[in-house]
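Peer 1: Here's a structure for you.
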Amino acid sequence: MSDSIGEGEVTRKEVESLFTRLDQEAESGGYHLNPNREFTLGLIEGMMVNERRYGYWACPCRLASGVKKEDLDIICPCDYRDPDIAEYGTCYCGLYVSQDVLDGKRKATRIPERRPAEGMAAPADRMSASAQPGLPDLSGLTYPLWRCRVCGYLCARGQPPEVCPICRAKKDRFERFL
Ligand code: SF4
């Protein structure tokens with residue numbers, strides 16, 4: 001990696017600074033960045049270039065549309081990170097890995113794309129309260145129930161939190177659950 005790159009003029013210092021922040025946030029939330037530092041720095045650099053290009057952290061290894069509403073599911077951390085880590089030990093790009101991969105007990109390999117071919121799943125296809133048989137009756141809640149689409153964190157309050165306390169996804173990644 002050079003001191004600065006072409007598009008977006010992201011510097012090595014900026015990339016390393018974001019690496020440190022993401023690493024701290026990941027560890028405090030029970031996640032782990034890929035221990036291959038140069039590989040991880042490269043992905044973070046890609047995210048930063050995408051941020052300059054589109055205004056948000058579009059996944060560095062997927063093709064973004066440039067329309068935030070259409071790309072919400074692939075803004076890092078994407079909607080598919082947790083199920084991919086659980087099943088394969090790594091997210092699609094390999095930016096995040098499981099404890100087993102971190103400990104060398106499992107090898108990270110290329111994994112299939114979980115994102116639907118047409119892009120973000122239609123709201124009706126995503127998890128919703130009505131689609132979950134056996135859920136307790138929460139209709140008496142005083143506040144709406146919000147769900148983080150990245151990690152599944154649920155909270156009952158007037159508005160979703162600015163940042164998910166578990167995975168650090170931003171407010172716009174929450175959906176009304178009930
Ligand atoms: S968490 Fe998702 S968006 Fe972020 S780098 Fe991994 S695959 Fe891409």
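How things are named: the first chain in the structure tokens is A, the next is B, and so on; residues count from 1 in each chain; ligands count from 1 in the order shown.
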Around ligand 1, out to 9 Å and counting only C-alpha atoms and all ligand atoms, which residues are there? I want them as a PDB file with N, CA and C atoms, in the first residue's frame.

Peer 2:
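Saved result, out_7.pdb, follows:
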```pdb
ATOM      1  N   LEU A  43      -8.689  -4.262   2.635  1.00  0.00           N
ATOM      2  CA  LEU A  43     -10.159  -4.214   2.603  1.00  0.00           C
ATOM      3  C   LEU A  43     -10.671  -2.896   3.183  1.00  0.00           C
ATOM      4  N   ILE A  44     -10.052  -2.463   4.249  1.00  0.00           N
ATOM      5  CA  ILE A  44     -10.476  -1.202   4.871  1.00  0.00           C
ATOM      6  C   ILE A  44     -10.223  -0.040   3.921  1.00  0.00           C
ATOM      7  N   MET A  47     -13.024   0.021   1.521  1.00  0.00           N
ATOM      8  CA  MET A  47     -14.223   0.609   2.133  1.00  0.00           C
ATOM      9  C   MET A  47     -14.151   2.129   2.146  1.00  0.00           C
ATOM     10  N   TRP A  57     -19.946   3.059   3.522  1.00  0.00           N
ATOM     11  CA  TRP A  57     -18.980   1.965   3.477  1.00  0.00           C
ATOM     12  C   TRP A  57     -19.533   0.776   2.705  1.00  0.00           C
ATOM     13  N   ALA A  58     -19.651   0.919   1.411  1.00  0.00           N
ATOM     14  CA  ALA A  58     -20.100  -0.223   0.613  1.00  0.00           C
ATOM     15  C   ALA A  58     -19.056  -1.332   0.731  1.00  0.00           C
ATOM     16  N   CYS A  59     -19.545  -2.562   0.796  1.00  0.00           N
ATOM     17  CA  CYS A  59     -18.663  -3.736   0.929  1.00  0.00           C
ATOM     18  C   CYS A  59     -17.541  -3.660  -0.121  1.00  0.00           C
ATOM     19  N   PRO A  60     -16.295  -3.841   0.305  1.00  0.00           N
ATOM     20  CA  PRO A  60     -15.184  -3.692  -0.644  1.00  0.00           C
ATOM     21  C   PRO A  60     -15.064  -4.817  -1.664  1.00  0.00           C
ATOM     22  N   CYS A  61     -15.806  -5.911  -1.496  1.00  0.00           N
ATOM     23  CA  CYS A  61     -15.664  -6.994  -2.476  1.00  0.00           C
ATOM     24  C   CYS A  61     -16.985  -7.292  -3.188  1.00  0.00           C
ATOM     25  N   ARG A  62     -17.884  -6.320  -3.158  1.00  0.00           N
ATOM     26  CA  ARG A  62     -19.122  -6.474  -3.922  1.00  0.00           C
ATOM     27  C   ARG A  62     -19.316  -5.231  -4.787  1.00  0.00           C
ATOM     28  N   ASP A  73     -28.046  -3.314   2.501  1.00  0.00           N
ATOM     29  CA  ASP A  73     -27.680  -4.642   3.015  1.00  0.00           C
ATOM     30  C   ASP A  73     -26.199  -4.952   2.862  1.00  0.00           C
ATOM     31  N   ILE A  74     -25.482  -4.188   2.043  1.00  0.00           N
ATOM     32  CA  ILE A  74     -24.042  -4.461   1.869  1.00  0.00           C
ATOM     33  C   ILE A  74     -23.178  -3.312   2.375  1.00  0.00           C
ATOM     34  N   ILE A  75     -23.746  -2.484   3.250  1.00  0.00           N
ATOM     35  CA  ILE A  75     -22.908  -1.496   3.926  1.00  0.00           C
ATOM     36  C   ILE A  75     -22.239  -2.218   5.088  1.00  0.00           C
ATOM     37  N   CYS A  76     -20.953  -2.083   5.188  1.00  0.00           N
ATOM     38  CA  CYS A  76     -20.177  -2.838   6.163  1.00  0.00           C
ATOM     39  C   CYS A  76     -20.430  -2.323   7.593  1.00  0.00           C
ATOM     40  N   PRO A  77     -20.741  -3.212   8.564  1.00  0.00           N
ATOM     41  CA  PRO A  77     -20.878  -4.658   8.417  1.00  0.00           C
ATOM     42  C   PRO A  77     -22.205  -5.018   7.759  1.00  0.00           C
ATOM     43  N   CYS A  78     -22.142  -5.892   6.771  1.00  0.00           N
ATOM     44  CA  CYS A  78     -23.334  -6.208   5.971  1.00  0.00           C
ATOM     45  C   CYS A  78     -24.304  -7.117   6.723  1.00  0.00           C
ATOM     46  N   ASP A  79     -25.490  -7.255   6.139  1.00  0.00           N
ATOM     47  CA  ASP A  79     -26.521  -8.104   6.744  1.00  0.00           C
ATOM     48  C   ASP A  79     -26.089  -9.571   6.799  1.00  0.00           C
ATOM     49  N   TYR A  80     -25.104  -9.928   5.989  1.00  0.00           N
ATOM     50  CA  TYR A  80     -24.754 -11.342   5.827  1.00  0.00           C
ATOM     51  C   TYR A  80     -23.544 -11.755   6.666  1.00  0.00           C
ATOM     52  N   ARG A  81     -22.943 -10.787   7.360  1.00  0.00           N
ATOM     53  CA  ARG A  81     -21.722 -11.091   8.115  1.00  0.00           C
ATOM     54  C   ARG A  81     -21.935 -12.190   9.145  1.00  0.00           C
ATOM     55  N   ASP A  82     -22.921 -12.010  10.011  1.00  0.00           N
ATOM     56  CA  ASP A  82     -23.058 -12.954  11.125  1.00  0.00           C
ATOM     57  C   ASP A  82     -23.388 -14.376  10.677  1.00  0.00           C
ATOM     58  N   ASP A  84     -22.636 -15.717   7.863  1.00  0.00           N
ATOM     59  CA  ASP A  84     -21.452 -16.262   7.184  1.00  0.00           C
ATOM     60  C   ASP A  84     -20.363 -16.642   8.180  1.00  0.00           C
ATOM     61  N   THR A  90     -15.969 -16.879   8.474  1.00  0.00           N
ATOM     62  CA  THR A  90     -15.492 -15.609   7.922  1.00  0.00           C
ATOM     63  C   THR A  90     -16.635 -14.918   7.187  1.00  0.00           C
ATOM     64  N   CYS A  91     -16.553 -13.591   7.096  1.00  0.00           N
ATOM     65  CA  CYS A  91     -17.534 -12.897   6.260  1.00  0.00           C
ATOM     66  C   CYS A  91     -17.119 -13.073   4.790  1.00  0.00           C
ATOM     67  N   TYR A  92     -17.966 -12.650   3.899  1.00  0.00           N
ATOM     68  CA  TYR A  92     -17.737 -12.878   2.468  1.00  0.00           C
ATOM     69  C   TYR A  92     -16.367 -12.354   2.012  1.00  0.00           C
ATOM     70  N   CYS A  93     -15.996 -11.191   2.500  1.00  0.00           N
ATOM     71  CA  CYS A  93     -14.708 -10.594   2.100  1.00  0.00           C
ATOM     72  C   CYS A  93     -13.528 -11.168   2.885  1.00  0.00           C
ATOM     73  N   GLY A  94     -13.813 -11.657   4.079  1.00  0.00           N
ATOM     74  CA  GLY A  94     -12.735 -12.100   4.951  1.00  0.00           C
ATOM     75  C   GLY A  94     -12.254 -11.010   5.883  1.00  0.00           C
ATOM     76  N   LEU A  95     -12.996  -9.939   5.994  1.00  0.00           N
ATOM     77  CA  LEU A  95     -12.596  -8.867   6.917  1.00  0.00           C
ATOM     78  C   LEU A  95     -12.806  -9.308   8.371  1.00  0.00           C
ATOM     79  N   TYR A  96     -13.912  -9.997   8.612  1.00  0.00           N
ATOM     80  CA  TYR A  96     -14.209 -10.496   9.952  1.00  0.00           C
ATOM     81  C   TYR A  96     -14.081 -12.015   9.962  1.00  0.00           C
ATOM     82  N   VAL A  97     -13.522 -12.534  11.049  1.00  0.00           N
ATOM     83  CA  VAL A  97     -13.371 -13.992  11.175  1.00  0.00           C
ATOM     84  C   VAL A  97     -13.872 -14.444  12.542  1.00  0.00           C
TER      85      VAL A  97
END
```

Peer 1: Please provide the set of residues having any atom within 8 Å of region 28-32 of chain A, restricted to only C-alpha atoms, with same-chain residues fewer than 6 positions apart removed, written as a list in words.

Peer 2: Tyr96, Val97, Ser98, Gln99, Leu102, Pro165, Ile166 and Cys167 of chain A

Peer 1: Fewer than 5 positions away in the same chain doesn't count, so skip those; otherwise give me all residues within 7 Å of region 7-18 of chain A, counting only C-alpha atoms, as an NGL selection string.

Peer 2: :A and (2 or 41 or 44-45 or 48-49 or 52-53)

Peer 1: Which of these residues is nearest to Glu38 (chain A), using only C-alpha atoms: A:Pro161, A:Lys107, A:Pro112, A:Phe19?

Peer 2: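 Checking each of A:Pro161, A:Lys107, A:Pro112, A:Phe19 against Glu38 (chain A), counting only C-alpha atoms, the winner is A:Phe19.
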